[in-house]
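Have a look at the structure below before the remarks.
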Amino acid sequence: MKYLVGARGSQLSLAQTNWVIEEIKKKNPQAEFEIVPITTKGDTDARPLFTINQKGIFEKEIDRAVAEKKIDFAVHSLKDVPAELPDELVLACIPKREPANDIFISKDGTTLGSIKKGAVIGTSSLRRAVQVSRQRPDLVVKPIRGNIETRIKKIAEGKFDGIVLAQAGIQRLGLDIKFEKLSVDAFTPSPGQGALAIVARKDNHPVLELLKKIEDEMSRNAIEAERSLSMFVDSGCRFPVGALAVQDGKRLTLSVTVYSVDGSRFLAVTKDSESGRAKELGQQVASELSAKGIEELAKDWREKVEEWNKK
């Protein structure tokens, strides 16, 4: 049987989709696949991500094609997928997660801690921007857009002295480039970072059965906790939240860090639970953050973003 697979046309998206296809073929060699590239709003809108007031800018058009039965399933970077999907769709499979941490890349291999004062650092993420500023307030952080290869090229061209991005993307593209691995304590990643999301229709049982063959249970548990947190906290490009769940044996630990706009204040919660109670764990952490005043931080962030958008 032949399956139609939706993906963005970027090299990273195609690499991720081809990896998924190869993993499925290991379990089901007779299956055939055709990748259907689909352009999303995130591909055509060059504005900084936090200025685009829309969720799912890298996946909405692709998931619509799944819902309309134009394709059988879609492969996404999980951090791009909103916590809530349309009723007819389901997060059908989460394969084994890549490392979730961020990395720092500079022209000459200089680390984030030792790079010159006043160096210009590029990032597409408000979360990373405030984390960089907390570590090095003497640096200049500016928005950067484009695929991974484009961002790296901008360092070589002298437009940026360094960039911060996810290690998973570098690994999936197989790029041979020197980087500094950043601590998940100082740079707590976005919910879902490093993981892939495969979205399908709830009623497409043959496809759901096919995809379950490459599901990774520990990755699923971690992601369910992080996405549950995101649902109750409503994090995203306009309100940066760092969240990482890690499973050790049957215990699942969720660590969350949220910063003020200027980075001077932060809220942090770490809590664990049985791995089978991932969604409840995310909700419990969200409740603790609420008690500590996360709504005030969220309001400040959204007001600041609106102010930036008017400039």
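Ordered as shown in the structure tokens, chains take letters A, B, and onward, while each chain numbers its residues from 1 and ligands are numbered from 1 in the order shown.
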Q) Which parts of segment 61-272 of chain A does DSSP call alpha helix (DSSP H) when run on the backbone here, written out as JSON, numbers by chain? A) {"A": [61, 62, 63, 64, 65, 66, 67, 126, 127, 128, 129, 130, 131, 132, 133, 134, 135, 148, 149, 150, 151, 152, 153, 154, 155, 156, 167, 168, 169, 170, 171, 172, 173, 205, 206, 207, 208, 209, 210, 211, 217, 218, 219, 220, 221, 222, 223, 224, 225, 226, 227, 228, 229, 230, 231, 232, 233]}
Q. Which polymer residues have any atom within 12 Å of an atom of Gln131 of chain A, counting only C-alpha atoms, with same-chain residues fewer than 6 positions away left out, as a PyMOL selection string?
A. chain A and resi 102+112+121+123+125+137+139+141+164+182-190+240-242+257-266
Write the residues of the selection above to a file with C-alpha atoms, as an mmCIF file, in the first residue's frame.
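Below is the file again_11.cif, written as the result:
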data_model
loop_
_atom_site.group_PDB
_atom_site.id
_atom_site.type_symbol
_atom_site.label_atom_id
_atom_site.label_comp_id
_atom_site.auth_asym_id
_atom_site.auth_seq_id
_atom_site.Cartn_x
_atom_site.Cartn_y
_atom_site.Cartn_z
ATOM 1 C CA ASP A 102 20.117 23.989 22.722
ATOM 2 C CA LEU A 112 28.922 31.627 24.663
ATOM 3 C CA ILE A 121 23.821 36.665 18.811
ATOM 4 C CA THR A 123 17.949 33.428 17.762
ATOM 5 C CA SER A 125 13.132 32.341 20.062
ATOM 6 C CA PRO A 137 23.907 40.714 29.556
ATOM 7 C CA LEU A 139 25.809 40.663 24.368
ATOM 8 C CA VAL A 141 20.599 39.513 20.905
ATOM 9 C CA VAL A 164 21.575 29.552 19.409
ATOM 10 C CA LEU A 182 24.237 24.340 26.355
ATOM 11 C CA SER A 183 22.995 23.212 29.754
ATOM 12 C CA VAL A 184 19.289 22.387 30.031
ATOM 13 C CA ASP A 185 19.380 24.076 33.442
ATOM 14 C CA ALA A 186 20.407 27.482 32.057
ATOM 15 C CA PHE A 187 18.682 26.887 28.706
ATOM 16 C CA THR A 188 15.607 24.854 29.580
ATOM 17 C CA PRO A 189 14.215 23.940 26.124
ATOM 18 C CA SER A 190 10.781 24.601 24.658
ATOM 19 C CA PRO A 240 8.380 31.721 26.372
ATOM 20 C CA VAL A 241 8.324 28.782 28.746
ATOM 21 C CA GLY A 242 11.120 26.262 29.213
ATOM 22 C CA THR A 257 11.367 27.626 34.147
ATOM 23 C CA VAL A 258 9.595 30.868 33.239
ATOM 24 C CA TYR A 259 11.281 34.281 33.039
ATOM 25 C CA SER A 260 10.180 37.892 33.312
ATOM 26 C CA VAL A 261 10.524 40.088 30.213
ATOM 27 C CA ASP A 262 13.825 41.588 31.382
ATOM 28 C CA GLY A 263 15.113 38.262 32.698
ATOM 29 C CA SER A 264 15.562 39.611 36.222
ATOM 30 C CA ARG A 265 12.938 37.297 37.733
ATOM 31 C CA PHE A 266 12.055 33.684 37.132
#
Q) Could you write out, as an MDAnalysis selection string, all the residues of segment 97-202 of chain A that DSSP marks as strand (DSSP E or B)? A) chainID A and resid 102:106 120:123 140:143 162:166 180:181 196:201
Could you turn the residues from that selection into a file that holds C-alpha atoms, as a tab-separated table (two decimals), in the first residue's frame?
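Final output, selection_23.tsv:
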chain	number	residue	atom	x	y	z
A	102	ASP	CA	20.12	23.99	22.72
A	103	ILE	CA	23.56	24.60	21.23
A	104	PHE	CA	25.72	27.65	20.51
A	105	ILE	CA	27.51	28.03	17.18
A	106	SER	CA	30.11	30.72	16.45
A	120	VAL	CA	25.66	39.91	18.08
A	121	ILE	CA	23.82	36.67	18.81
A	122	GLY	CA	20.94	35.46	16.64
A	123	THR	CA	17.95	33.43	17.76
A	140	VAL	CA	23.41	41.96	21.71
A	141	VAL	CA	20.60	39.51	20.90
A	142	LYS	CA	18.76	39.94	17.59
A	143	PRO	CA	16.02	37.94	15.82
A	162	GLY	CA	26.91	33.42	16.98
A	163	ILE	CA	23.54	31.71	16.98
A	164	VAL	CA	21.58	29.55	19.41
A	165	LEU	CA	19.41	26.72	18.10
A	166	ALA	CA	18.35	23.16	18.87
A	180	GLU	CA	28.87	24.15	22.26
A	181	LYS	CA	26.22	22.09	24.02
A	196	LEU	CA	8.87	14.56	16.21
A	197	ALA	CA	5.08	14.58	15.98
A	198	ILE	CA	3.23	12.41	13.50
A	199	VAL	CA	-0.34	13.59	13.04
A	200	ALA	CA	-3.11	11.47	11.49
A	201	ARG	CA	-6.90	11.25	11.41
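Distance check against Ser228 of chain A using only C-alpha atoms: of A:Gly109, A:Pro82, A:Asp203, A:Arg251, the minimum falls on A:Pro82.
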Q.
List the spatial neighbours of Lys96 of chain A as a PyMOL selection string - criterion: any atom at most 8 Å away, only C-alpha atoms, same-chain residues fewer than 6 positions off excluded.
A. chain A and resi 195+215-216+218-219
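Of the listed residues A:Leu254, A:Phe73, A:Lys279, A:Ile144, the one whose atoms come nearest to Leu208 of chain A is A:Phe73, with distances taken using only C-alpha atoms.
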Q. Please, what distance in Å, to one decimal, runs between atom CA of Ala92 of chain A and atom CA of Gln193 of chain A?
A. 17.4 Å
Q. What is the distance between atom CA of Lys107 of chain A and atom CA of Arg134 of chain A, in Å to one decimal?
A. 22.1 Å
Q) Can you tell me, as a ChimeraX atom specification, what residues are no more than 8 Å from Arg227 of chain A when counting only C-alpha atoms, ignoring any on the same chain fewer than 6 positions away? A) /A:83,191-192,279,282
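We find atom CA of Gly146 of chain A and atom CA of Val5 of chain A to be spaced 23.3 Å apart.
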Q: Rank A:Val246, A:Ile62, A:Leu126, A:Ile24 by their smallest atom-to-atom distance to Val75 of chain A, using only C-alpha atoms, and report the top residue only.
A: A:Ile62
